[in-house]
>>> print(open('run-v2.cif').read())   # mmCIF, C-alpha atoms and all ligand atoms
data_input
loop_
_atom_site.label_atom_id
_atom_site.label_comp_id
_atom_site.auth_asym_id
_atom_site.auth_seq_id
_atom_site.Cartn_x
_atom_site.Cartn_y
_atom_site.Cartn_z
CA MET A 1 -35.06 -16.47 78.52
CA ALA A 2 -35.12 -18.21 81.92
CA GLU A 3 -31.96 -20.03 82.85
CA ILE A 4 -32.19 -23.79 82.79
CA ASP A 5 -32.09 -25.24 86.27
CA LEU A 6 -29.53 -27.99 86.32
CA GLN A 7 -29.85 -28.70 90.01
CA ASP A 8 -31.98 -31.78 89.46
CA LYS A 9 -29.35 -33.20 87.13
CA LYS A 10 -26.43 -32.39 89.34
CA PRO A 11 -24.78 -35.11 91.41
CA ASP A 12 -24.99 -34.50 95.14
CA SER A 13 -21.90 -32.38 95.81
CA ALA A 14 -21.65 -33.62 99.41
CA THR A 15 -21.01 -37.16 98.26
CA ARG A 16 -19.69 -36.74 94.75
CA GLY A 17 -17.63 -33.59 95.23
CA VAL A 18 -17.44 -30.45 93.14
CA TYR A 19 -15.47 -30.79 89.95
CA GLY A 20 -14.46 -28.42 87.18
CA LEU A 21 -15.47 -28.62 83.54
CA PRO A 22 -14.13 -31.55 81.51
CA ALA A 23 -10.82 -31.01 79.73
CA ARG A 24 -12.30 -31.34 76.27
CA TRP A 25 -14.46 -28.25 76.85
CA TYR A 26 -11.20 -26.28 76.77
CA TRP A 27 -10.22 -27.19 73.23
CA GLU A 28 -13.05 -28.79 71.25
CA ARG A 29 -14.16 -26.76 68.27
CA ALA A 30 -17.82 -27.78 68.71
CA ILE A 31 -17.83 -26.46 72.29
CA TYR A 32 -16.27 -23.19 71.16
CA GLN A 33 -18.89 -22.80 68.43
CA ALA A 34 -21.67 -23.45 70.96
CA GLU A 35 -20.16 -20.84 73.29
CA ARG A 36 -20.09 -18.31 70.44
CA ARG A 37 -23.81 -18.77 69.87
CA GLN A 38 -25.04 -19.35 73.42
CA ILE A 39 -22.78 -16.89 75.27
CA PHE A 40 -21.04 -14.30 73.11
CA ALA A 41 -23.88 -13.71 70.64
CA ARG A 42 -26.25 -12.84 73.50
CA GLU A 43 -24.37 -11.35 76.47
CA TRP A 44 -23.23 -7.75 77.00
CA GLN A 45 -19.66 -6.99 76.02
CA LEU A 46 -17.51 -4.35 77.68
CA VAL A 47 -16.26 -2.15 74.83
CA CYS A 48 -14.41 0.90 76.18
CA PRO A 49 -14.78 3.93 78.44
CA ALA A 50 -17.20 6.52 77.05
CA SER A 51 -14.32 8.99 77.15
CA ASP A 52 -12.85 7.14 74.13
CA LEU A 53 -15.95 8.24 72.19
CA ALA A 54 -16.16 11.88 73.22
CA ARG A 55 -16.77 13.57 69.83
CA PRO A 56 -19.19 12.75 67.01
CA GLY A 57 -17.36 10.43 64.62
CA ASP A 58 -15.16 8.84 67.31
CA TYR A 59 -15.37 5.06 67.09
CA VAL A 60 -13.96 1.91 68.68
CA ALA A 61 -13.95 -1.26 66.58
CA ALA A 62 -13.49 -4.54 68.42
CA GLU A 63 -13.97 -8.25 68.15
CA VAL A 64 -15.17 -11.01 70.42
CA ALA A 65 -15.31 -14.70 69.49
CA GLY A 66 -15.26 -13.87 65.79
CA TYR A 67 -18.01 -11.22 65.98
CA ARG A 68 -16.62 -7.91 64.71
CA PHE A 69 -18.46 -4.78 65.71
CA PHE A 70 -17.96 -1.09 66.37
CA VAL A 71 -19.46 1.66 68.48
CA ILE A 72 -19.50 5.20 67.06
CA ARG A 73 -20.79 8.53 68.30
CA ASP A 74 -23.32 9.76 65.77
CA ARG A 75 -23.58 13.39 64.66
CA ASP A 76 -26.55 13.82 67.02
CA GLY A 77 -24.33 12.77 69.96
CA VAL A 78 -25.92 9.34 70.43
CA LEU A 79 -23.71 6.25 70.71
CA ARG A 80 -24.60 3.70 68.05
CA GLY A 81 -23.28 0.22 67.44
CA PHE A 82 -23.08 -1.89 64.29
CA HIS A 83 -21.70 -5.18 63.14
CA ASN A 84 -18.42 -4.40 61.42
CA VAL A 85 -19.72 -6.04 58.26
CA CYS A 86 -20.42 -4.33 54.96
CA PRO A 87 -23.92 -5.24 53.71
CA HIS A 88 -22.63 -5.49 50.14
CA ARG A 89 -20.27 -8.50 50.26
CA ALA A 90 -19.41 -8.74 53.97
CA SER A 91 -16.08 -6.96 54.08
CA GLN A 92 -14.89 -5.55 57.40
CA LEU A 93 -15.50 -1.79 57.32
CA LEU A 94 -13.14 -0.57 60.02
CA ASP A 95 -9.86 -1.96 61.27
CA ASP A 96 -9.97 -2.96 64.93
CA GLY A 97 -9.03 -0.14 67.28
CA ALA A 98 -10.02 3.45 67.96
CA GLY A 99 -10.38 6.16 65.33
CA HIS A 100 -12.47 8.98 63.93
CA CYS A 101 -14.53 9.33 60.76
CA ASP A 102 -17.48 11.39 59.56
CA LEU A 103 -18.42 8.88 56.87
CA LEU A 104 -17.46 5.21 56.64
CA ARG A 105 -16.16 4.04 53.30
CA CYS A 106 -15.80 0.33 52.64
CA ARG A 107 -12.44 -0.25 51.04
CA TYR A 108 -13.65 -3.23 49.01
CA HIS A 109 -16.02 -1.51 46.52
CA GLY A 110 -16.30 1.94 48.01
CA TRP A 111 -19.80 1.97 49.51
CA VAL A 112 -20.24 4.92 51.85
CA PHE A 113 -22.26 4.95 55.10
CA ASP A 114 -23.01 7.73 57.56
CA THR A 115 -22.55 7.49 61.32
CA ALA A 116 -26.20 6.45 61.72
CA GLY A 117 -25.49 3.40 59.54
CA ASN A 118 -27.39 4.59 56.44
CA LEU A 119 -26.00 3.72 53.02
CA ARG A 120 -25.35 7.07 51.35
CA ARG A 121 -23.65 6.02 48.14
CA ALA A 122 -22.92 2.82 46.22
CA PRO A 123 -20.57 4.24 43.60
CA ASP A 124 -20.67 2.80 40.09
CA PHE A 125 -23.20 0.12 41.10
CA GLY A 126 -25.01 0.55 37.77
CA GLU A 127 -28.68 0.95 36.95
CA ALA A 128 -30.90 -1.45 38.88
CA ALA A 129 -34.56 -0.65 39.44
CA TRP A 130 -34.79 -3.20 42.27
CA PHE A 131 -31.93 -1.74 44.32
CA ARG A 132 -32.97 0.49 47.22
CA LYS A 133 -30.23 2.06 49.33
CA GLU A 134 -32.46 2.18 52.40
CA GLU A 135 -32.59 -1.64 52.44
CA HIS A 136 -28.83 -1.91 52.83
CA SER A 137 -28.00 -0.04 56.00
CA LEU A 138 -25.41 -1.33 58.45
CA MET A 139 -26.68 -4.03 60.82
CA PRO A 140 -27.29 -2.37 64.21
CA ILE A 141 -26.37 -3.78 67.62
CA ARG A 142 -27.39 -2.54 71.06
CA VAL A 143 -25.22 -0.08 72.99
CA GLU A 144 -25.69 0.99 76.60
CA THR A 145 -23.51 2.82 79.09
CA TRP A 146 -23.10 2.12 82.78
CA ARG A 147 -21.08 4.54 84.94
CA GLY A 148 -18.94 5.72 82.05
CA LEU A 149 -18.28 2.28 80.57
CA VAL A 150 -19.75 1.41 77.17
CA PHE A 151 -21.14 -2.06 76.53
CA ALA A 152 -22.58 -3.64 73.38
CA ASN A 153 -24.86 -6.61 72.75
CA PHE A 154 -25.68 -8.38 69.48
CA ASP A 155 -28.99 -9.78 70.77
CA ALA A 156 -31.98 -7.47 70.32
CA SER A 157 -33.95 -9.41 72.96
CA ALA A 158 -31.26 -9.44 75.67
CA PRO A 159 -32.11 -7.92 79.07
CA SER A 160 -31.02 -4.34 79.69
CA LEU A 161 -27.37 -3.82 80.60
CA VAL A 162 -28.08 -2.88 84.20
CA ASP A 163 -30.17 -6.03 84.69
CA ALA A 164 -27.48 -8.18 83.09
CA LEU A 165 -24.81 -6.67 85.34
CA GLY A 166 -26.54 -8.34 88.29
CA SER A 167 -24.74 -7.60 91.56
CA LEU A 168 -22.09 -5.32 90.06
CA PRO A 169 -23.80 -1.92 90.34
CA ASN A 170 -24.51 -2.38 94.03
CA THR A 171 -21.08 -3.85 94.77
CA VAL A 172 -19.24 -0.77 93.47
CA LYS A 173 -21.79 1.90 94.34
CA ASP A 174 -19.41 3.61 96.80
CA TYR A 175 -16.40 3.66 94.46
CA PRO A 176 -15.82 6.91 92.51
CA ILE A 177 -15.48 5.19 89.14
CA GLU A 178 -16.48 8.22 87.08
CA SER A 179 -13.75 10.34 88.62
CA PHE A 180 -11.00 8.11 87.22
CA THR A 181 -9.37 8.99 83.90
CA LYS A 182 -8.24 6.39 81.39
CA VAL A 183 -4.50 6.54 80.90
CA ARG A 184 -3.62 3.58 78.75
CA GLN A 185 -4.88 0.48 76.95
CA VAL A 186 -2.72 -2.63 76.89
CA GLU A 187 -3.42 -5.82 74.94
CA PHE A 188 -2.06 -9.29 75.52
CA GLU A 189 -2.52 -12.51 73.60
CA MET A 190 -2.02 -16.00 74.96
CA ALA A 191 -2.25 -19.58 73.79
CA CYS A 192 -5.09 -20.85 75.95
CA ASN A 193 -8.86 -21.17 75.95
CA TRP A 194 -10.77 -18.17 77.33
CA LYS A 195 -12.18 -20.30 80.16
CA ASN A 196 -8.72 -21.38 81.20
CA TYR A 197 -7.71 -17.74 81.77
CA THR A 198 -11.10 -16.96 83.40
CA ASP A 199 -10.66 -19.88 85.82
CA ASN A 200 -7.36 -18.31 86.80
CA PHE A 201 -8.84 -14.83 87.26
CA VAL A 202 -11.70 -15.93 89.52
CA GLU A 203 -9.56 -17.60 92.19
CA GLY A 204 -6.81 -16.37 94.49
CA TYR A 205 -5.62 -19.90 95.31
CA HIS A 206 -2.66 -19.49 92.92
CA ILE A 207 -1.42 -16.19 94.34
CA PRO A 208 1.22 -17.62 96.74
CA GLY A 209 2.66 -19.88 94.04
CA ILE A 210 2.47 -17.71 90.95
CA HIS A 211 2.57 -14.11 92.17
CA PRO A 212 5.12 -13.92 95.01
CA SER A 213 5.46 -10.13 94.78
CA PHE A 214 1.68 -9.67 94.87
CA HIS A 215 1.41 -12.18 97.74
CA ALA A 216 3.93 -10.15 99.73
CA VAL A 217 1.77 -7.01 99.71
CA ILE A 218 -1.66 -8.41 100.60
CA ASP A 219 -2.90 -10.16 103.72
CA PHE A 220 -3.51 -13.47 101.95
CA SER A 221 -4.87 -15.14 105.09
CA ARG A 222 -7.87 -12.84 104.68
CA PHE A 223 -8.32 -13.26 100.92
CA GLU A 224 -12.01 -13.92 100.30
CA THR A 225 -13.89 -15.11 97.24
CA THR A 226 -17.66 -14.93 96.98
CA HIS A 227 -20.10 -14.64 94.13
CA GLY A 228 -23.23 -12.62 93.51
CA ASP A 229 -25.51 -12.55 90.49
CA ALA A 230 -23.28 -12.65 87.37
CA LEU A 231 -20.34 -11.54 89.51
CA VAL A 232 -17.36 -13.04 91.34
CA ILE A 233 -16.02 -10.84 94.12
CA MET A 234 -12.52 -11.17 95.54
CA THR A 235 -11.16 -9.01 98.33
CA ALA A 236 -8.06 -8.85 100.49
CA PRO A 237 -6.69 -6.18 102.82
CA GLN A 238 -3.49 -4.54 101.68
CA LYS A 239 -0.27 -4.44 103.61
CA ASN A 240 1.87 -1.28 103.80
CA GLY A 241 -0.19 0.95 101.49
CA SER A 242 0.21 -1.33 98.50
CA ILE A 243 -1.67 -0.43 95.33
CA TYR A 244 -3.27 -3.83 95.35
CA GLY A 245 -5.44 -3.65 98.40
CA GLY A 246 -8.89 -3.62 97.02
CA LEU A 247 -11.56 -5.31 95.11
CA TRP A 248 -11.16 -7.63 92.15
CA LEU A 249 -14.32 -8.37 90.23
CA TRP A 250 -15.20 -10.60 87.34
CA GLY A 251 -18.50 -10.23 85.49
CA TRP A 252 -20.25 -12.87 83.42
CA PRO A 253 -19.28 -13.78 80.82
CA ASN A 254 -15.94 -12.09 80.15
CA PHE A 255 -15.02 -8.81 81.77
CA THR A 256 -13.07 -7.81 84.84
CA LEU A 257 -13.01 -4.70 87.00
CA SER A 258 -10.41 -4.13 89.70
CA VAL A 259 -10.57 -1.12 91.95
CA TYR A 260 -7.70 -0.04 94.16
CA PRO A 261 -6.84 3.15 96.01
CA GLY A 262 -6.40 5.88 93.40
CA GLY A 263 -7.49 3.97 90.34
CA MET A 264 -8.95 0.98 88.60
CA ASN A 265 -8.53 -1.25 85.61
CA CYS A 266 -11.01 -3.16 83.53
CA SER A 267 -10.54 -5.79 80.89
CA ARG A 268 -12.39 -7.72 78.23
CA ILE A 269 -11.37 -11.37 77.93
CA VAL A 270 -11.66 -11.99 74.19
CA PRO A 271 -11.94 -15.52 72.85
CA VAL A 272 -10.04 -15.57 69.55
CA SER A 273 -10.38 -19.30 68.90
CA GLU A 274 -10.80 -22.43 71.00
CA ASN A 275 -7.18 -22.12 72.14
CA ARG A 276 -6.29 -18.45 71.81
CA THR A 277 -7.38 -15.58 74.02
CA ARG A 278 -6.72 -11.85 73.90
CA LEU A 279 -6.99 -9.50 76.85
CA VAL A 280 -7.84 -5.84 76.34
CA TYR A 281 -6.95 -3.92 79.50
CA ASN A 282 -7.72 -0.27 80.28
CA PHE A 283 -6.01 1.48 83.17
CA PHE A 284 -7.53 4.48 84.96
CA PHE A 285 -6.28 6.81 87.71
CA LEU A 286 -7.68 9.53 89.92
CA ASP A 287 -4.56 11.69 89.73
CA VAL A 288 -3.31 11.99 86.16
CA SER A 289 -1.07 15.01 86.76
CA ASP A 290 2.55 14.95 85.58
CA ALA A 291 3.60 14.52 89.19
CA ALA A 292 1.68 11.22 89.35
CA ALA A 293 2.78 9.89 85.96
CA ALA A 294 5.73 7.83 87.15
CA GLN A 295 3.70 6.19 89.91
CA ASN A 296 0.85 5.47 87.51
CA GLU A 297 3.21 3.90 84.97
CA SER A 298 4.71 1.77 87.70
CA THR A 299 1.22 0.58 88.71
CA ILE A 300 0.45 -0.36 85.10
CA GLU A 301 3.73 -2.23 84.74
CA THR A 302 3.25 -4.11 88.02
CA ASN A 303 -0.21 -5.11 86.89
CA CYS A 304 1.03 -6.24 83.47
CA ASP A 305 3.73 -8.34 85.14
CA ILE A 306 1.04 -10.13 87.14
CA VAL A 307 -1.00 -10.77 83.99
CA ARG A 308 2.11 -12.23 82.28
CA GLU A 309 2.64 -14.53 85.26
CA ASP A 310 -0.94 -15.74 84.79
CA PHE A 311 -0.39 -16.36 81.07
CA GLY A 312 2.61 -18.51 81.70
CA ILE A 313 0.74 -20.85 83.98
CA CYS A 314 -2.45 -20.88 81.87
CA GLU A 315 -0.49 -21.86 78.75
CA ARG A 316 1.09 -24.75 80.64
CA SER A 317 -2.34 -25.95 81.80
CA GLN A 318 -3.73 -25.58 78.29
CA ALA A 319 -1.12 -27.93 76.85
CA ASN A 320 -2.09 -30.57 79.40
CA LEU A 321 -5.82 -30.04 78.91
CA GLU A 322 -5.29 -30.77 75.22
CA ALA A 323 -3.02 -33.78 75.73
CA GLY A 324 -5.83 -36.15 76.70
CA ILE A 325 -4.59 -37.47 80.06
CA PHE A 326 -6.31 -35.10 82.47
CA GLN A 327 -10.12 -35.29 82.58
CA ARG A 328 -11.25 -32.91 85.34
CA GLY A 329 -10.15 -31.75 88.78
CA PRO A 330 -11.75 -31.04 92.19
CA LEU A 331 -12.55 -27.45 93.17
CA SER A 332 -11.53 -26.05 96.55
CA PRO A 333 -14.52 -24.90 98.64
CA LYS A 334 -12.27 -22.35 100.33
CA HIS A 335 -10.73 -20.77 97.23
CA GLU A 336 -12.49 -21.88 94.06
CA ALA A 337 -16.10 -20.85 94.63
CA GLY A 338 -15.67 -18.39 91.77
CA VAL A 339 -14.52 -21.13 89.40
CA HIS A 340 -17.50 -23.24 90.46
CA TYR A 341 -19.90 -20.36 89.79
CA PHE A 342 -18.34 -19.57 86.40
CA HIS A 343 -18.48 -23.22 85.35
CA ASP A 344 -22.14 -23.48 86.30
CA ARG A 345 -22.93 -20.43 84.15
CA VAL A 346 -21.12 -22.05 81.20
CA ARG A 347 -23.00 -25.32 81.85
CA GLN A 348 -26.33 -23.47 81.85
CA ALA A 349 -25.50 -21.67 78.62
CA LEU A 350 -24.46 -24.80 76.74
CA ALA A 351 -27.40 -26.82 78.09
CA ARG A 352 -29.63 -24.49 76.03
CA GLN A 353 -28.09 -26.15 73.00
CA GLY A 354 -28.43 -29.64 74.49
CA ILE A 355 -24.77 -29.91 75.47
CA VAL A 356 -24.43 -31.50 78.90
CA GLU A 357 -21.23 -33.16 80.06
CA GLU A 358 -21.70 -36.91 80.28
CA GLU A 359 -19.49 -37.42 83.33
CA TRP A 360 -21.41 -34.84 85.30
CA LEU A 361 -24.62 -36.75 84.75
CA GLY A 362 -22.95 -39.81 86.18
CA ARG A 363 -22.99 -41.75 82.94
S1 LIG B 1 -18.07 -5.35 50.42
FE1 LIG B 1 -18.21 -3.30 51.04
S2 LIG B 1 -18.51 -2.21 49.21
FE2 LIG B 1 -18.42 -4.27 48.57
FE FE B 2 -3.21 -14.40 88.84
#
>>> encode(input="run-v2.cif", output="C-alpha cells", more="lines below")
Ligand code: FES
Ligand SMILES: [Fe+2]
Amino acid sequence: MAEIDLQDKKPDSATRGVYGLPARWYWERAIYQAERRQIFAREWQLVCPASDLARPGDYVAAEVAGYRFFVIRDRDGVLRGFHNVCPHRASQLLDDGAGHCDLLRCRYHGWVFDTAGNLRRAPDFGEAAWFRKEEHSLMPIRVETWRGLVFANFDASAPSLVDALGSLPNTVKDYPIESFTKVRQVEFEMACNWKNYTDNFVEGYHIPGIHPSFHAVIDFSRFETTHGDALVIMTAPQKNGSIYGGLWLWGWPNFTLSVYPGGMNCSRIVPVSENRTRLVYNFFFLDVSDAAAAQNESTIETNCDIVREDFGICERSQANLEAGIFQRGPLSPKHEAGVHYFHDRVRQALARQGIVEEEWLGR
C-alpha cells in the first residue's frame, strides 16, 4: 500500500519548528494497539541469524508486540514460519527461545504437527465426520533471509524483504557480514515504550552526557546522522583503534545493526506493552578462536554497559512522559534527524488508521 503523504498536513517546519511525537503516544493503550496492527502486524521482523537454524528441526520462537511466532527448518531444508498458536484452542506451541524438534506436540491436548505445519494427529479427539485434519494446519507466516539474517512477516501482502529493507543492502554492501560468526545472544528488558528507546538509538546527541567512555573513544565532532529509505545511518571515526569506530544502523520499524572492525551486533527492539520493551541482541565476530575469546567477551560487555546506560535514561524519560506535564519537545536539526525520520514513519503508519496528532495539525 502506498504511504500516506502527510506533507500537506504538516506545519511549515521553517516557521513552526520540528517537534517530536506527543507524550501520550508513549503510553496510551489505544496508540499501542494501533501500532500493533499498523506496524508490527505488517512489517518484517528480524528473527535470528540463519546459523541458529542450521539443521532440520531447529527452531527459534519469538514474540513481538504480542504476536508469537516461530521459524523452523523443515525436513526438506526450507525455512518455514508459523504463528505460535495451536489451531485447536490457541495454546502457545513452543516456549520462546531456540530449540530442536522433529514433531511439535501441543502440551494442552496433545495435538501433533510436523515441521511443515501439518496436523498429523489429534489424539483422543473422538469420532467426528466433519473433522478434517488438513483444515487445521498451523497458520503460516512469511520467512525470508538477507545476508544470513532471517526475517519474518505476518502480512501475506507485504513487499519482499529486500524491498522493505530500503537503503540497508546498499549501505552495507562492502561489509563482510556473512563472514562473522554469532557468539552470544543477550536480552534486556526495560520499563519504557519501544519508541522511547528507539528515539535514543537513532541519535548521538546524548553520547557526551550518557556514555562518557564511548565518547572518549570516538571523534564526536565528526559524528554524523543521516537517513535513507527505512534506515537511519550514524557514523563516527574511531580514536586509537577503538572497537566502536564504525557504522550504527537502525532499520524501520525495530531492528538495529552495528558494524565495527572485526564484528557486528544486531538487535530486535521488542514492544512488550505500551510501557515495556525487550531488546534481543546478537553479537558476532570475525575471529572466534580461543585466542580472541577474551577480547570478544570484553567487546560484548562494553556494548552491554552502553545499552544499560541507555535504559537508565530512557526509564527516567518514560516516567516524565507518563506524568502529564511534558507535551512534546523540539528536535535538533544537527543531531536528531533520525528521530524526526522515525517519528514521521510512525505518523504515516498510524494515519492509516485515522490517528493524527491534533497539535501537529495546528488545532
Ligand atoms: S490447544 Fe493445542 S491441542 Fe488443544
Ligand atoms: Fe546510547
>>> axis_aligned_box(input="run-v2.cif", around="ligand LIG 1 (chain B)", padding_each_side="4 Å", output="JSON")
{"center_x": -18.3, "center_y": -3.8, "center_z": 49.8, "size_x": 8.4, "size_y": 11.1, "size_z": 10.5}
>>> residues_around(input="run-v2.cif", residues="Glu189 of chain A", least_positions_apart="4", cutoff="12 Å", atoms="all atoms listed in the file", output="MDAnalysis selection string")
chainID A and resid 193:194 197 268:273 275:281 307:308 310:312 314:315
>>> atom_distance(input="run-v2.cif", atom1="atom CA of Ile300 of chain A", atom2="atom CA of Trp248 of chain A")
15.4 Å
>>> atom_distance(input="run-v2.cif", atom1="atom CA of Gln353 of chain A", atom2="atom CA of Thr226 of chain A")
28.5 Å
>>> residues_near_point(input="run-v2.cif", point="(-21.8, -22.4, 76.5)", cutoff="7 Å", atoms="only C-alpha atoms", output="MDAnalysis selection string")
chainID A and resid 34:35 38:39 346:347 349:350
>>> residues_near_ligand(input="run-v2.cif", ligand="ligand FE 2 (chain B)", cutoff="12 Å", atoms="all atoms listed in the file", output="mmCIF file with C-alpha atoms, in the frame of the given file")
data_model
loop_
_atom_site.group_PDB
_atom_site.id
_atom_site.type_symbol
_atom_site.label_atom_id
_atom_site.label_comp_id
_atom_site.auth_asym_id
_atom_site.auth_seq_id
_atom_site.Cartn_x
_atom_site.Cartn_y
_atom_site.Cartn_z
ATOM 1 C CA ASN A 196 -8.720 -21.380 81.200
ATOM 2 C CA TYR A 197 -7.710 -17.740 81.770
ATOM 3 C CA THR A 198 -11.100 -16.960 83.400
ATOM 4 C CA ASP A 199 -10.660 -19.880 85.820
ATOM 5 C CA ASN A 200 -7.360 -18.310 86.800
ATOM 6 C CA PHE A 201 -8.840 -14.830 87.260
ATOM 7 C CA VAL A 202 -11.700 -15.930 89.520
ATOM 8 C CA GLU A 203 -9.560 -17.600 92.190
ATOM 9 C CA GLY A 204 -6.810 -16.370 94.490
ATOM 10 C CA TYR A 205 -5.620 -19.900 95.310
ATOM 11 C CA HIS A 206 -2.660 -19.490 92.920
ATOM 12 C CA ILE A 207 -1.420 -16.190 94.340
ATOM 13 C CA PRO A 208 1.220 -17.620 96.740
ATOM 14 C CA GLY A 209 2.660 -19.880 94.040
ATOM 15 C CA ILE A 210 2.470 -17.710 90.950
ATOM 16 C CA HIS A 211 2.570 -14.110 92.170
ATOM 17 C CA PRO A 212 5.120 -13.920 95.010
ATOM 18 C CA SER A 213 5.460 -10.130 94.780
ATOM 19 C CA PHE A 214 1.680 -9.670 94.870
ATOM 20 C CA HIS A 215 1.410 -12.180 97.740
ATOM 21 C CA MET A 234 -12.520 -11.170 95.540
ATOM 22 C CA TRP A 248 -11.160 -7.630 92.150
ATOM 23 C CA ASN A 303 -0.210 -5.110 86.890
ATOM 24 C CA CYS A 304 1.030 -6.240 83.470
ATOM 25 C CA ASP A 305 3.730 -8.340 85.140
ATOM 26 C CA ILE A 306 1.040 -10.130 87.140
ATOM 27 C CA VAL A 307 -1.000 -10.770 83.990
ATOM 28 C CA ARG A 308 2.110 -12.230 82.280
ATOM 29 C CA GLU A 309 2.640 -14.530 85.260
ATOM 30 C CA ASP A 310 -0.940 -15.740 84.790
ATOM 31 C CA PHE A 311 -0.390 -16.360 81.070
ATOM 32 C CA GLY A 312 2.610 -18.510 81.700
ATOM 33 C CA ILE A 313 0.740 -20.850 83.980
ATOM 34 C CA CYS A 314 -2.450 -20.880 81.870
#
>>> residues_near_ligand(input="run-v2.cif", ligand="ligand LIG 1 (chain B)", cutoff="12 Å", atoms="all atoms listed in the file", output="VMD selection string")
chain A and resid 84 to 94 104 to 113 119 to 125 136 to 138
>>> write_last_selection(input="run-v2.cif", atoms="C-alpha atoms", output="mmCIF file, in the coordinates of the input")
data_model
loop_
_atom_site.group_PDB
_atom_site.id
_atom_site.type_symbol
_atom_site.label_atom_id
_atom_site.label_comp_id
_atom_site.auth_asym_id
_atom_site.auth_seq_id
_atom_site.Cartn_x
_atom_site.Cartn_y
_atom_site.Cartn_z
ATOM 1 C CA ASN A 84 -18.420 -4.400 61.420
ATOM 2 C CA VAL A 85 -19.720 -6.040 58.260
ATOM 3 C CA CYS A 86 -20.420 -4.330 54.960
ATOM 4 C CA PRO A 87 -23.920 -5.240 53.710
ATOM 5 C CA HIS A 88 -22.630 -5.490 50.140
ATOM 6 C CA ARG A 89 -20.270 -8.500 50.260
ATOM 7 C CA ALA A 90 -19.410 -8.740 53.970
ATOM 8 C CA SER A 91 -16.080 -6.960 54.080
ATOM 9 C CA GLN A 92 -14.890 -5.550 57.400
ATOM 10 C CA LEU A 93 -15.500 -1.790 57.320
ATOM 11 C CA LEU A 94 -13.140 -0.570 60.020
ATOM 12 C CA LEU A 104 -17.460 5.210 56.640
ATOM 13 C CA ARG A 105 -16.160 4.040 53.300
ATOM 14 C CA CYS A 106 -15.800 0.330 52.640
ATOM 15 C CA ARG A 107 -12.440 -0.250 51.040
ATOM 16 C CA TYR A 108 -13.650 -3.230 49.010
ATOM 17 C CA HIS A 109 -16.020 -1.510 46.520
ATOM 18 C CA GLY A 110 -16.300 1.940 48.010
ATOM 19 C CA TRP A 111 -19.800 1.970 49.510
ATOM 20 C CA VAL A 112 -20.240 4.920 51.850
ATOM 21 C CA PHE A 113 -22.260 4.950 55.100
ATOM 22 C CA LEU A 119 -26.000 3.720 53.020
ATOM 23 C CA ARG A 120 -25.350 7.070 51.350
ATOM 24 C CA ARG A 121 -23.650 6.020 48.140
ATOM 25 C CA ALA A 122 -22.920 2.820 46.220
ATOM 26 C CA PRO A 123 -20.570 4.240 43.600
ATOM 27 C CA ASP A 124 -20.670 2.800 40.090
ATOM 28 C CA PHE A 125 -23.200 0.120 41.100
ATOM 29 C CA HIS A 136 -28.830 -1.910 52.830
ATOM 30 C CA SER A 137 -28.000 -0.040 56.000
ATOM 31 C CA LEU A 138 -25.410 -1.330 58.450
#
>>> atom_distance(input="run-v2.cif", atom1="atom CA of Arg73 of chain A", atom2="atom CA of Asp58 of chain A")
5.7 Å
>>> closest_residue(input="run-v2.cif", among="A:Phe255, A:Ala230, A:Asn170, A:Trp250", to="Val64 of chain A", atoms="only C-alpha atoms")
A:Phe255
>>> residues_around(input="run-v2.cif", residues="Ala98 of chain A", least_positions_apart="6", cutoff="7 Å", atoms="only C-alpha atoms", output="list in words")
Tyr59, Val60 and Ala61 of chain A
>>> closest_atom_pairs(input="run-v2.cif", of="segment 241-303 of chain A", to="segment 144-157 of chain A", cutoff="12 Å", atoms="all atoms listed in the file", output="JSON lines")
{"residue": "A:Asn254", "atom": "CA", "partner": "A:Phe151", "partner_atom": "CA", "distance": 11.9}
{"residue": "A:Phe255", "atom": "CA", "partner": "A:Phe151", "partner_atom": "CA", "distance": 10.5}
{"residue": "A:Leu257", "atom": "CA", "partner": "A:Leu149", "partner_atom": "CA", "distance": 10.9}
{"residue": "A:Asn265", "atom": "CA", "partner": "A:Leu149", "partner_atom": "CA", "distance": 11.5}
{"residue": "A:Cys266", "atom": "CA", "partner": "A:Leu149", "partner_atom": "CA", "distance": 9.6}
{"residue": "A:Ser267", "atom": "CA", "partner": "A:Leu149", "partner_atom": "CA", "distance": 11.2}
{"residue": "A:Arg268", "atom": "CA", "partner": "A:Phe151", "partner_atom": "CA", "distance": 10.6}
{"residue": "A:Asn282", "atom": "CA", "partner": "A:Leu149", "partner_atom": "CA", "distance": 10.9}
{"residue": "A:Phe284", "atom": "CA", "partner": "A:Leu149", "partner_atom": "CA", "distance": 11.8}
>>> residues_near_point(input="run-v2.cif", point="(-14.5, -24.3, 93.0)", cutoff="8 Å", atoms="all atoms listed in the file", output="list in words")
Val18, Tyr19, Gly20, Pro330, Leu331, Ser332, Pro333, Lys334, His335, Glu336, Ala337, Gly338, Val339, His340 and Tyr341 of chain A
>>> residues_around(input="run-v2.cif", residues="Val71 of chain A", least_positions_apart="3", cutoff="12 Å", atoms="only C-alpha atoms", output="ChimeraX atom specification")
/A:45-50,52-54,56-63,68,74,78-84,94,96-101,115-117,139-145,150-154
>>> residues_around(input="run-v2.cif", residues="segment 288-293 of chain A", least_positions_apart="3", cutoff="12 Å", atoms="only C-alpha atoms", output="number ranges by chain")
A: 179-184, 262-263, 283-285, 296-300
>>> closest_residue(input="run-v2.cif", among="A:Leu165, A:Leu321, A:Ala65, A:Leu103", to="Tyr32 of chain A", atoms="only C-alpha atoms")
A:Ala65
>>> closest_residue(input="run-v2.cif", among="A:Leu249, A:Trp44, A:Ser258, A:His227", to="Val162 of chain A", atoms="all atoms listed in the file")
A:Trp44
